[in-house]
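upload.pdb (PDB, C-alpha atoms) appears below.
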```pdb
ATOM      1  CA  MET R   1      24.789 -27.047-114.231  1.00  0.00           C
ATOM      2  CA  GLN R   2      27.758 -26.566-111.945  1.00  0.00           C
ATOM      3  CA  THR R   3      30.500 -24.253-113.096  1.00  0.00           C
ATOM      4  CA  SER R   4      33.197 -26.955-113.145  1.00  0.00           C
ATOM      5  CA  ALA R   5      31.029 -29.296-115.225  1.00  0.00           C
ATOM      6  CA  LYS R   6      30.279 -26.497-117.696  1.00  0.00           C
ATOM      7  CA  GLN R   7      33.974 -25.630-117.890  1.00  0.00           C
ATOM      8  CA  LEU R   8      34.787 -29.271-118.592  1.00  0.00           C
ATOM      9  CA  LEU R   9      32.177 -29.571-121.343  1.00  0.00           C
ATOM     10  CA  ASP R  10      33.349 -26.327-122.945  1.00  0.00           C
ATOM     11  CA  SER R  11      37.063 -27.173-122.811  1.00  0.00           C
ATOM     12  CA  THR R  12      38.937 -27.873-126.042  1.00  0.00           C
ATOM     13  CA  GLU R  13      40.561 -30.985-124.533  1.00  0.00           C
ATOM     14  CA  PHE R  14      37.152 -32.537-123.844  1.00  0.00           C
ATOM     15  CA  LYS R  15      35.870 -31.661-127.314  1.00  0.00           C
ATOM     16  CA  HIS R  16      39.005 -33.170-128.863  1.00  0.00           C
ATOM     17  CA  LEU R  17      38.460 -36.338-126.828  1.00  0.00           C
ATOM     18  CA  VAL R  18      34.846 -36.640-127.973  1.00  0.00           C
ATOM     19  CA  VAL R  19      35.825 -36.094-131.620  1.00  0.00           C
ATOM     20  CA  ARG R  20      38.537 -38.780-131.374  1.00  0.00           C
ATOM     21  CA  ARG R  21      36.092 -41.271-129.864  1.00  0.00           C
ATOM     22  CA  TRP R  22      33.570 -40.589-132.639  1.00  0.00           C
ATOM     23  CA  ARG R  23      36.219 -40.974-135.349  1.00  0.00           C
ATOM     24  CA  VAL R  24      37.390 -44.332-134.006  1.00  0.00           C
ATOM     25  CA  SER R  25      33.812 -45.498-133.495  1.00  0.00           C
ATOM     26  CA  MET R  26      32.736 -44.480-136.999  1.00  0.00           C
ATOM     27  CA  LEU R  27      35.828 -46.050-138.591  1.00  0.00           C
ATOM     28  CA  LEU R  28      35.210 -49.368-136.857  1.00  0.00           C
ATOM     29  CA  THR R  29      31.473 -49.169-137.595  1.00  0.00           C
ATOM     30  CA  GLY R  30      32.282 -48.627-141.274  1.00  0.00           C
ATOM     31  CA  CYS R  31      34.605 -51.636-141.245  1.00  0.00           C
ATOM     32  CA  LEU R  32      31.922 -53.769-139.632  1.00  0.00           C
ATOM     33  CA  PHE R  33      29.343 -52.508-142.129  1.00  0.00           C
ATOM     34  CA  ALA R  34      31.630 -53.400-145.038  1.00  0.00           C
ATOM     35  CA  LEU R  35      32.335 -56.822-143.545  1.00  0.00           C
ATOM     36  CA  TYR R  36      28.703 -57.780-142.962  1.00  0.00           C
ATOM     37  CA  TYR R  37      27.170 -56.248-146.062  1.00  0.00           C
ATOM     38  CA  GLY R  38      30.073 -57.338-148.224  1.00  0.00           C
ATOM     39  CA  TYR R  39      29.298 -60.912-147.238  1.00  0.00           C
ATOM     40  CA  ILE R  40      25.585 -60.422-147.854  1.00  0.00           C
ATOM     41  CA  LEU R  41      26.288 -58.880-151.270  1.00  0.00           C
ATOM     42  CA  LEU R  42      28.578 -61.795-152.071  1.00  0.00           C
ATOM     43  CA  VAL R  43      25.804 -64.230-151.145  1.00  0.00           C
ATOM     44  CA  GLY R  44      23.357 -62.353-153.348  1.00  0.00           C
ATOM     45  CA  SER R  45      25.608 -61.808-156.330  1.00  0.00           C
ATOM     46  CA  ASN R  46      27.944 -64.822-156.529  1.00  0.00           C
ATOM     47  CA  LYS R  47      26.257 -67.896-155.123  1.00  0.00           C
ATOM     48  CA  ALA R  48      28.394 -70.150-157.298  1.00  0.00           C
ATOM     49  CA  LEU R  49      31.568 -68.994-155.551  1.00  0.00           C
ATOM     50  CA  LEU R  50      30.131 -69.619-152.103  1.00  0.00           C
ATOM     51  CA  ALA R  51      28.780 -73.018-153.196  1.00  0.00           C
ATOM     52  CA  ARG R  52      32.259 -74.174-154.211  1.00  0.00           C
ATOM     53  CA  ARG R  53      33.280 -77.169-152.143  1.00  0.00           C
ATOM     54  CA  ILE R  54      36.473 -76.991-150.086  1.00  0.00           C
ATOM     55  CA  GLY R  55      36.009 -80.379-148.473  1.00  0.00           C
ATOM     56  CA  GLU R  56      33.699 -83.337-148.696  1.00  0.00           C
ATOM     57  CA  SER R  57      30.726 -81.523-147.215  1.00  0.00           C
ATOM     58  CA  THR R  58      31.912 -77.953-146.552  1.00  0.00           C
ATOM     59  CA  THR R  59      31.386 -75.105-148.967  1.00  0.00           C
ATOM     60  CA  LEU R  60      33.343 -71.862-149.120  1.00  0.00           C
ATOM     61  CA  GLY R  61      30.387 -69.946-147.678  1.00  0.00           C
ATOM     62  CA  ILE R  62      30.691 -71.619-144.263  1.00  0.00           C
ATOM     63  CA  PRO R  63      34.233 -70.443-143.380  1.00  0.00           C
ATOM     64  CA  LEU R  64      33.547 -67.026-144.902  1.00  0.00           C
ATOM     65  CA  GLY R  65      30.450 -66.681-142.715  1.00  0.00           C
ATOM     66  CA  ALA R  66      32.477 -67.740-139.684  1.00  0.00           C
ATOM     67  CA  GLY R  67      35.098 -65.197-140.757  1.00  0.00           C
ATOM     68  CA  VAL R  68      32.479 -62.455-140.610  1.00  0.00           C
ATOM     69  CA  ILE R  69      31.722 -63.383-137.003  1.00  0.00           C
ATOM     70  CA  VAL R  70      35.407 -63.583-136.071  1.00  0.00           C
ATOM     71  CA  GLY R  71      35.984 -60.265-137.849  1.00  0.00           C
ATOM     72  CA  ALA R  72      33.288 -58.647-135.692  1.00  0.00           C
ATOM     73  CA  TRP R  73      35.020 -59.993-132.573  1.00  0.00           C
ATOM     74  CA  ILE R  74      38.352 -58.629-133.802  1.00  0.00           C
ATOM     75  CA  LEU R  75      36.880 -55.183-134.457  1.00  0.00           C
ATOM     76  CA  THR R  76      35.346 -55.208-130.968  1.00  0.00           C
ATOM     77  CA  ALA R  77      38.702 -56.209-129.486  1.00  0.00           C
ATOM     78  CA  ILE R  78      40.407 -53.373-131.383  1.00  0.00           C
ATOM     79  CA  TYR R  79      37.976 -50.882-129.874  1.00  0.00           C
ATOM     80  CA  VAL R  80      38.391 -52.273-126.354  1.00  0.00           C
ATOM     81  CA  ILE R  81      42.188 -52.207-126.610  1.00  0.00           C
ATOM     82  CA  TRP R  82      42.137 -48.656-127.995  1.00  0.00           C
ATOM     83  CA  ALA R  83      39.749 -47.508-125.278  1.00  0.00           C
ATOM     84  CA  ASN R  84      41.776 -49.090-122.488  1.00  0.00           C
ATOM     85  CA  ARG R  85      45.147 -47.851-123.705  1.00  0.00           C
ATOM     86  CA  SER R  86      44.328 -44.437-125.121  1.00  0.00           C
ATOM     87  CA  TYR R  87      40.829 -43.179-124.365  1.00  0.00           C
ATOM     88  CA  ASP R  88      40.301 -44.173-120.718  1.00  0.00           C
ATOM     89  CA  PRO R  89      43.587 -42.725-119.419  1.00  0.00           C
ATOM     90  CA  GLU R  90      42.699 -39.379-121.026  1.00  0.00           C
ATOM     91  CA  VAL R  91      39.223 -39.430-119.530  1.00  0.00           C
TER
END
```

As structure tokens - that is how I would like this structure written.
Amino acid sequence: MQTSAKQLLDSTEFKHLVVRRWRVSMLLTGCLFALYYGYILLVGSNKALLARRIGESTTLGIPLGAGVIVGAWILTAIYVIWANRSYDPEV
């Protein structure tokens, strides 16, 4: 390995950058995990709530399921915005 690459990998600034990226990634992964598995647990444990009608033919489970998908998009957008504004300029 070249000396400059080794110096970069051993620098405290680079290690701090990697730790920050992992923290943000793990936080957002945990949020996504809670969102998805929270919905699945709700389906498994309280079917009556999700079967409640909110219109003529729509049940509460449909918009909540769509909310899970939209929530995943929002979490992805949060990561992209954070990476573009904070992480990439430091890299």

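Proximity to R:Ile78 was assessed for R:Ser57, R:Ser11, R:Ser4, R:Thr29 counting all atoms listed in the file; the smallest distance is recorded for R:Thr29.
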
TODO: Identify, on the basis of all atoms listed in the file, every residue whose closest approach to R:Thr76 does not exceed 12 Å; exclude the query and any residue fewer than 3 positions from it along the same chain; express the result as JSON, numbers by chain.
DONE: {"R": [24, 25, 27, 28, 29, 31, 32, 69, 70, 71, 72, 73, 79, 80, 81, 82, 83]}

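One finds atom CA of R:Val91 at 13.0 Å from atom CA of R:Val19.
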
Set out as JSON lines a contact list for stretch 62-88 of chain R and stretch 37-44 of chain R with a cut-off of 9 Å, giving each residue of stretch 62-88 of chain R that qualifies its closest atom pair and distance in Å to one decimal, counting all atoms listed in the file, ordered by chain and rising residue number.
```
{"residue": "R:Leu64", "atom": "CA", "partner": "R:Tyr39", "partner_atom": "CA", "distance": 7.8}
{"residue": "R:Gly65", "atom": "CA", "partner": "R:Tyr39", "partner_atom": "CA", "distance": 7.4}
{"residue": "R:Val68", "atom": "CA", "partner": "R:Tyr39", "partner_atom": "CA", "distance": 7.5}
```

Around (33.6, -69.6, -151.5), as given in the file, which residues come within 10 Å? Count all atoms listed in the file and list them as an mmCIF file with C-alpha atoms, in the frame of the given file.
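Below is the file out_37.cif, written as the result:
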```cif
data_model
loop_
_atom_site.group_PDB
_atom_site.id
_atom_site.type_symbol
_atom_site.label_atom_id
_atom_site.label_comp_id
_atom_site.auth_asym_id
_atom_site.auth_seq_id
_atom_site.Cartn_x
_atom_site.Cartn_y
_atom_site.Cartn_z
ATOM 1 C CA LEU R 42 28.578 -61.795 -152.071
ATOM 2 C CA VAL R 43 25.804 -64.230 -151.145
ATOM 3 C CA ASN R 46 27.944 -64.822 -156.529
ATOM 4 C CA LYS R 47 26.257 -67.896 -155.123
ATOM 5 C CA ALA R 48 28.394 -70.150 -157.298
ATOM 6 C CA LEU R 49 31.568 -68.994 -155.551
ATOM 7 C CA LEU R 50 30.131 -69.619 -152.103
ATOM 8 C CA ALA R 51 28.780 -73.018 -153.196
ATOM 9 C CA ARG R 52 32.259 -74.174 -154.211
ATOM 10 C CA ARG R 53 33.280 -77.169 -152.143
ATOM 11 C CA ILE R 54 36.473 -76.991 -150.086
ATOM 12 C CA THR R 58 31.912 -77.953 -146.552
ATOM 13 C CA THR R 59 31.386 -75.105 -148.967
ATOM 14 C CA LEU R 60 33.343 -71.862 -149.120
ATOM 15 C CA GLY R 61 30.387 -69.946 -147.678
ATOM 16 C CA ILE R 62 30.691 -71.619 -144.263
ATOM 17 C CA PRO R 63 34.233 -70.443 -143.380
ATOM 18 C CA LEU R 64 33.547 -67.026 -144.902
ATOM 19 C CA GLY R 65 30.450 -66.681 -142.715
#
```

- [ ] Tell me, in Å to one decimal, how far atom CA of R:Tyr87 is from atom CA of R:Thr3.
- [x] 24.3 Å

Around stretch 35-52 of chain R, fit a box with edges along x, y and z, padding it by 8 Å on each side, then list its centre and edge lengths in Å to one decimal as JSON.
```
{"center_x": 27.8, "center_y": -65.2, "center_z": -150.1, "size_x": 25.0, "size_y": 33.9, "size_z": 30.3}
```

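Between atom CA of R:Leu75 and atom CA of R:Trp22 there is a distance of 15.1 Å.
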
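Considering all atoms listed in the file, the residue among R:Lys6, R:Glu90, R:Asn84, R:Ile74 positioned nearest to R:Leu35 is R:Ile74.
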